[in-house]
Structures are given as structure tokens and as C-alpha cells.
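Containing mmCIF, C-alpha atoms: data38.cif.
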data_work
#
loop_
_atom_site.label_atom_id
_atom_site.label_comp_id
_atom_site.auth_asym_id
_atom_site.auth_seq_id
_atom_site.Cartn_x
_atom_site.Cartn_y
_atom_site.Cartn_z
CA MET A 632 164.85 53.27 -17.50
CA MET A 633 165.43 57.01 -18.03
CA PRO A 634 168.91 58.31 -17.16
CA PHE A 635 168.91 60.80 -14.28
CA THR A 636 170.21 63.74 -16.32
CA GLU A 637 167.44 63.12 -18.87
CA LEU A 638 164.84 63.30 -16.09
CA LEU A 639 166.39 66.59 -14.89
CA GLN A 640 166.28 67.95 -18.45
CA ASN A 641 162.62 66.93 -18.83
CA LEU A 642 161.74 68.74 -15.59
CA ARG A 643 163.65 71.78 -16.87
CA ASP A 644 161.83 71.70 -20.21
CA LYS A 645 158.42 71.45 -18.49
CA GLN A 646 159.42 74.18 -15.99
CA GLU A 647 158.19 72.03 -13.11
CA LEU A 648 158.68 73.39 -9.61
CA VAL A 649 160.74 70.71 -7.85
CA THR A 650 162.00 69.81 -4.42
CA ILE A 651 165.63 68.67 -4.49
CA ARG A 652 167.05 66.61 -1.66
CA ARG A 653 170.75 65.92 -1.09
CA ASP A 654 170.62 63.37 1.74
CA SER A 655 174.31 62.49 1.73
CA LEU A 656 175.13 66.07 2.78
CA GLY A 657 172.52 66.24 5.56
CA VAL A 658 171.26 69.64 4.42
CA SER A 659 167.83 71.22 3.89
CA ASP A 660 165.80 70.60 0.77
CA ILE A 661 165.92 73.12 -2.06
CA ARG A 662 162.85 74.16 -4.03
CA GLY A 663 163.00 75.79 -7.39
CA TYR A 664 162.90 75.58 -11.15
CA ILE A 665 165.69 73.79 -12.98
CA GLU A 666 167.25 76.24 -15.44
CA GLN A 667 170.20 74.25 -16.78
CA VAL A 668 171.51 70.69 -16.56
CA THR A 669 175.03 69.56 -17.40
CA GLN A 670 176.63 66.19 -16.68
CA SER A 671 178.12 67.61 -13.48
CA HIS A 672 176.03 70.61 -12.38
CA LEU A 673 172.49 71.82 -12.01
CA LEU A 674 171.39 75.48 -12.14
CA VAL A 675 168.23 76.14 -10.11
CA LEU A 676 166.08 79.27 -9.77
CA ASN A 677 165.63 79.23 -5.99
CA VAL A 678 162.21 79.53 -4.34
CA ASP A 679 162.35 80.31 -0.62
CA TYR A 680 159.90 79.28 2.11
CA ASP A 681 158.02 82.56 1.71
CA VAL A 682 157.12 81.41 -1.83
CA CYS A 683 159.33 84.07 -3.39
CA PHE A 684 162.13 83.87 -5.91
CA SER A 685 165.50 84.28 -4.24
CA GLY A 686 168.35 84.09 -6.71
CA PHE A 687 170.00 81.07 -8.22
CA ILE A 688 171.77 77.98 -6.93
CA VAL A 689 174.30 75.74 -8.65
CA LEU A 690 174.56 72.18 -7.29
CA ARG A 691 176.50 69.05 -8.15
CA VAL A 692 174.23 66.56 -9.94
CA GLU A 693 175.95 63.69 -8.10
CA ASP A 694 174.66 65.02 -4.75
CA VAL A 695 170.97 64.91 -5.74
CA THR A 696 169.35 61.89 -4.07
CA PHE A 697 165.64 62.67 -4.41
CA LEU A 698 163.34 64.79 -6.55
CA ARG A 699 159.67 65.62 -6.00
CA TRP A 700 157.32 67.46 -8.34
CA GLY A 701 153.61 67.69 -9.09
CA ASN A 702 152.34 67.31 -5.51
CA ASN A 703 149.64 69.61 -4.08
CA LYS A 704 152.04 71.92 -2.24
CA LEU A 705 154.34 72.47 -5.22
CA GLN A 706 151.38 72.99 -7.56
CA ALA A 707 149.95 75.63 -5.20
CA TRP A 708 153.34 77.36 -4.94
CA ASP A 709 153.71 77.24 -8.73
CA LYS A 710 150.33 78.92 -9.14
CA VAL A 711 151.40 81.78 -6.84
CA LEU A 712 154.80 82.10 -8.54
CA SER A 713 153.32 82.10 -12.05
CA ALA A 714 151.87 85.56 -11.34
CA ARG A 715 155.35 86.92 -10.58
CA GLU A 716 158.15 87.85 -12.93
CA LYS A 717 160.85 85.19 -13.00
CA PRO A 718 164.40 86.44 -12.52
CA GLN A 719 166.72 85.76 -15.44
CA THR A 720 170.35 84.67 -15.58
CA ASN A 721 172.91 84.40 -18.34
CA LEU A 722 174.37 81.26 -16.78
CA GLN A 723 171.96 79.17 -18.87
CA ASP A 724 174.35 79.81 -21.76
CA SER A 725 177.53 79.19 -19.76
CA ASP A 726 179.70 76.11 -19.58
CA LEU A 727 179.18 74.73 -16.08
CA ALA A 728 181.44 71.70 -16.43
CA THR A 729 183.63 72.46 -13.39
CA TRP A 730 183.45 74.53 -10.22
CA ALA A 731 186.07 76.84 -11.76
CA ASP A 732 183.68 77.41 -14.71
CA VAL A 733 180.77 78.00 -12.33
CA CYS A 734 182.65 80.47 -10.12
CA LYS A 735 183.97 82.43 -13.12
CA ALA A 736 180.53 82.62 -14.74
CA VAL A 737 178.83 83.66 -11.49
CA ALA A 738 181.50 86.31 -10.83
CA GLU A 739 180.82 87.81 -14.27
CA GLU A 740 177.08 88.01 -13.57
CA SER A 741 176.78 88.79 -9.88
CA ALA A 742 178.73 91.07 -7.55
CA VAL A 743 178.35 88.70 -4.59
CA ILE A 744 178.62 84.91 -4.37
CA SER A 745 177.84 82.43 -1.57
CA ILE A 746 179.99 79.31 -1.59
CA TYR A 747 179.21 76.19 0.41
CA GLN A 748 181.42 73.29 1.48
CA GLU A 749 178.59 71.20 2.92
CA ALA A 750 180.54 67.93 2.90
CA VAL A 751 183.13 69.63 5.13
CA ASP A 752 180.76 71.78 7.22
CA ASP A 753 177.02 71.64 6.52
CA ASP A 754 176.31 74.64 8.74
CA SER A 755 178.26 77.42 7.08
CA CYS A 756 178.66 79.27 3.85
CA PHE A 757 181.18 81.84 2.74
CA VAL A 758 179.96 85.03 1.12
CA GLY A 759 182.15 87.37 -0.83
CA ARG A 760 183.02 89.28 -3.95
CA ASN A 761 185.93 89.64 -6.38
CA VAL A 762 186.18 85.91 -7.08
CA GLN A 763 189.48 84.66 -8.47
CA ILE A 764 190.44 81.17 -9.56
CA GLU A 765 194.06 80.30 -8.83
CA GLY A 766 194.81 76.79 -10.05
CA GLU A 767 192.72 74.45 -7.92
CA LEU A 768 191.71 77.16 -5.44
CA VAL A 769 188.91 79.71 -5.31
CA ARG A 770 189.87 82.99 -3.65
CA VAL A 771 187.22 85.51 -2.60
CA GLU A 772 187.08 88.82 -0.71
CA ASP A 773 185.07 87.97 2.43
CA ILE A 774 181.84 89.76 3.39
CA THR A 775 180.76 88.90 6.94
CA ASN A 776 177.13 88.34 7.92
CA GLU A 777 177.21 91.94 9.23
CA GLY A 778 178.05 93.17 5.72
CA VAL A 779 181.64 94.05 6.60
CA LEU A 780 184.53 93.42 4.22
CA ASP A 781 186.92 91.22 6.20
CA GLY A 782 189.95 89.96 4.33
CA ILE A 783 190.25 87.08 1.89
CA PHE A 784 189.25 83.43 2.07
CA ALA A 785 190.37 80.58 -0.16
CA PHE A 786 189.78 76.84 -0.37
CA PRO A 787 189.98 73.97 -2.85
CA LEU A 788 187.46 74.02 -5.69
CA LYS A 789 186.92 70.28 -5.17
CA ASP A 790 185.33 70.96 -1.76
CA ILE A 791 182.53 73.15 -3.16
CA THR A 792 179.07 71.59 -3.05
CA ARG A 793 176.88 74.61 -3.78
CA VAL A 794 177.10 78.16 -5.10
CA ASP A 795 174.34 80.77 -4.65
CA PHE A 796 174.08 84.15 -6.32
CA ALA A 797 171.65 87.02 -6.92
CA GLY A 798 169.58 86.04 -3.91
CA ASN A 799 168.04 88.22 -1.23
CA TYR A 800 170.81 87.36 1.27
CA GLU A 801 173.65 88.15 -1.13
CA GLN A 802 171.98 91.41 -2.17
CA ALA A 803 171.45 92.51 1.43
CA LEU A 804 175.10 91.86 2.34
CA LEU A 805 176.30 93.73 -0.73
CA GLU A 806 174.18 96.75 0.19
CA MET A 807 175.51 96.70 3.77
CA ALA A 808 179.12 96.37 2.55
CA GLU A 809 178.88 99.43 0.26
#

Encoding of this model in C-alpha cells:
Amino acid sequence: MMPFTELLQNLRDKQELVTIRRDSLGVSDIRGYIEQVTQSHLLVLNVDYDVCFSGFIVLRVEDVTFLRWGNNKLQAWDKVLSAREKPQTNLQDSDLATWADVCKAVAEESAVISIYQEAVDDDSCFVGRNVQIEGELVRVEDITNEGVLDGIFAFPLKDITRVDFAGNYEQALLEMAE
């Protein structure tokens, strides 16, 4: 039987468009192309429901409960996406062993970051800039969903389940905040 990380790496190498489910968190499926696999984290080029690229997502491998690829819908989406230029990230070369590593690498590449604590609250994310790691905490300058800078938020790195960056939402909030 193939180890799970090996399957993820094979899907990355074949550049298969995949659906990723994380049932234990009770959140929506993610569709995209796997860009990097480590023992603990997965970097995904996000594909939104409008069949457009929308930034990148980093997930915990342990949360992935289901993968789908090669079905008619994903093949049709892949055909549409193959005509578009794929966004690039330097995170493929980064060490993504811990959430501290992920947050530092994302902060170096992207001005805005979305951080999720889906095991704590599956209905919210925190968006901000100027990420700092202080011991076991992540500290970020808050950007509200109106694009207003609004203080600082911080929480334990261990509670992070997902980090998004360079997506349409993050870019729009950054432009409103400037």
C-alpha cells in the first residue's frame, strides 16, 4: 500500500487537479494543484469555483481525509486552466515543517496573509500583514473585511489549520487598506 505522502507527491509530480476534503474540520472542499508536500504540510495552488486561479493555500497533511482526481469535472476544469498562466510561488523551495516556518515564508513572499483556525471556529479567518512570530504565537496587523487596518491579533501557532496568500481576496483587501 502506498503511503499517503507518496500519493500526494505523485499527484504533485503529475500536476493533477485535485479536490481535497478535510472532513474532521467540517469545512468546504478545496480544489487545486499540489505544489509541495512535506511530512506536515501541503502547498496548493488554489482554484476557485469560477475556475480561476486564486492564490495559494497551505494545509496540514494530517487534516486531509479524502482526495479526488481524474473525474469528468476536474478534467474539464483542468482543460480550461491549462490555457491560463499558472501563478508561481517561491514557497516550493521553502522549509514548511512548522506553522512558524510557513508564516515566515509567506510573509516574505506576500504582503497579506489569511490565517484560519478551523478546528476552533470553522466560519472565520483572520487577514493581515506584518506577520511576526513570537515564540509559540503568530502576531499580525489586522485588516478587516472592509480593508481597514484595525489593530493587532495574535494566537497560538498550534491552532492554525490553513494559511492562504496571494489570492484575489487578500489582494482586494490590501488594495482597500492602502

re CA of Val675 (chain A) and CA of Gly663 (chain A): distance 5.9 Å

Run the PyMOL selection byres ((chain A and resi 805-807) around 8) mentally over the shown coordinates, then write out the matched residues as a list in words, using the chain letters and numbers from the document. Ala742, Val743, Ile774, Glu777, Gly778, Val779, Glu801, Gln802, Ala803, Leu804, Ala808 and Glu809 of chain A

Can you list, as number ranges by chain, the residues that the PyMOL selection byres ((chain A and resi 740) around 12) selects here? A: 686-687, 719-725, 733-739, 741-744, 760-762, 795-797

Exercise: residues within 8 Å of coordinate (169.1, 76.5, -14.0), counting all atoms listed in the file, as a VMD selection string: chain A and resid 643 664 to 668 673 to 676 687 to 689 722 to 723

Ref. answer, residues at most 10 Å from (187.4, 86.2, 3.9) with only C-alpha atoms, as JSON, numbers by chain: {"A": [757, 758, 759, 760, 770, 771, 772, 773, 774, 775, 780, 781, 782, 783, 784, 785]}

Using CA of Lys645 (chain A) and CA of Asp732 (chain A) as the two end points, give the distance in Å to one decimal.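 Separation between CA of Lys645 (chain A) and CA of Asp732 (chain A): 26.2 Å.
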
From the list A:Trp730, A:Leu648, A:Cys683, A:Ala707, which residue is nearest Ile764 (chain A) when using only C-alpha atoms?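 Among A:Trp730, A:Leu648, A:Cys683, A:Ala707, it is A:Trp730 that comes nearest to Ile764 (chain A).
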
Can you turn the PyMOL selection byres ((chain A and resi 653) around 6) into a concrete residue list for this file, as number ranges by chain? A: 652, 654-656, 694-696

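Going from CA of Glu765 (chain A) to CA of Asp753 (chain A) covers 24.5 Å.
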
Looking at A:Thr729, A:Asn776, A:Gln670, A:Asn702, which one is nearest to Glu647 (chain A), with distances taken over all atoms listed in the file? A:Asn702

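Each of A:Leu768, A:Leu698, A:Leu727, A:Val678 was compared to Arg715 (chain A) using all atoms listed in the file, and A:Val678 turns out to be the nearest.
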
Which residue out of A:Gln763, A:Ser755, A:Ser745, A:Gln646 has the minimum interatomic distance to Ala731 (chain A) when only C-alpha atoms are used?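 Of A:Gln763, A:Ser755, A:Ser745, A:Gln646, the one nearest Ala731 (chain A) is A:Gln763, counting only C-alpha atoms.
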
Expected axis-aligned box over every listed atom of region 642-656 of chain A, 5 Å added per side, centre plus edges in Å to one decimal, as lines of an AutoDock Vina configuration file:
center_x = 166.7
center_y = 68.3
center_z = -8.7
size_x = 26.9
size_y = 21.7
size_z = 33.0
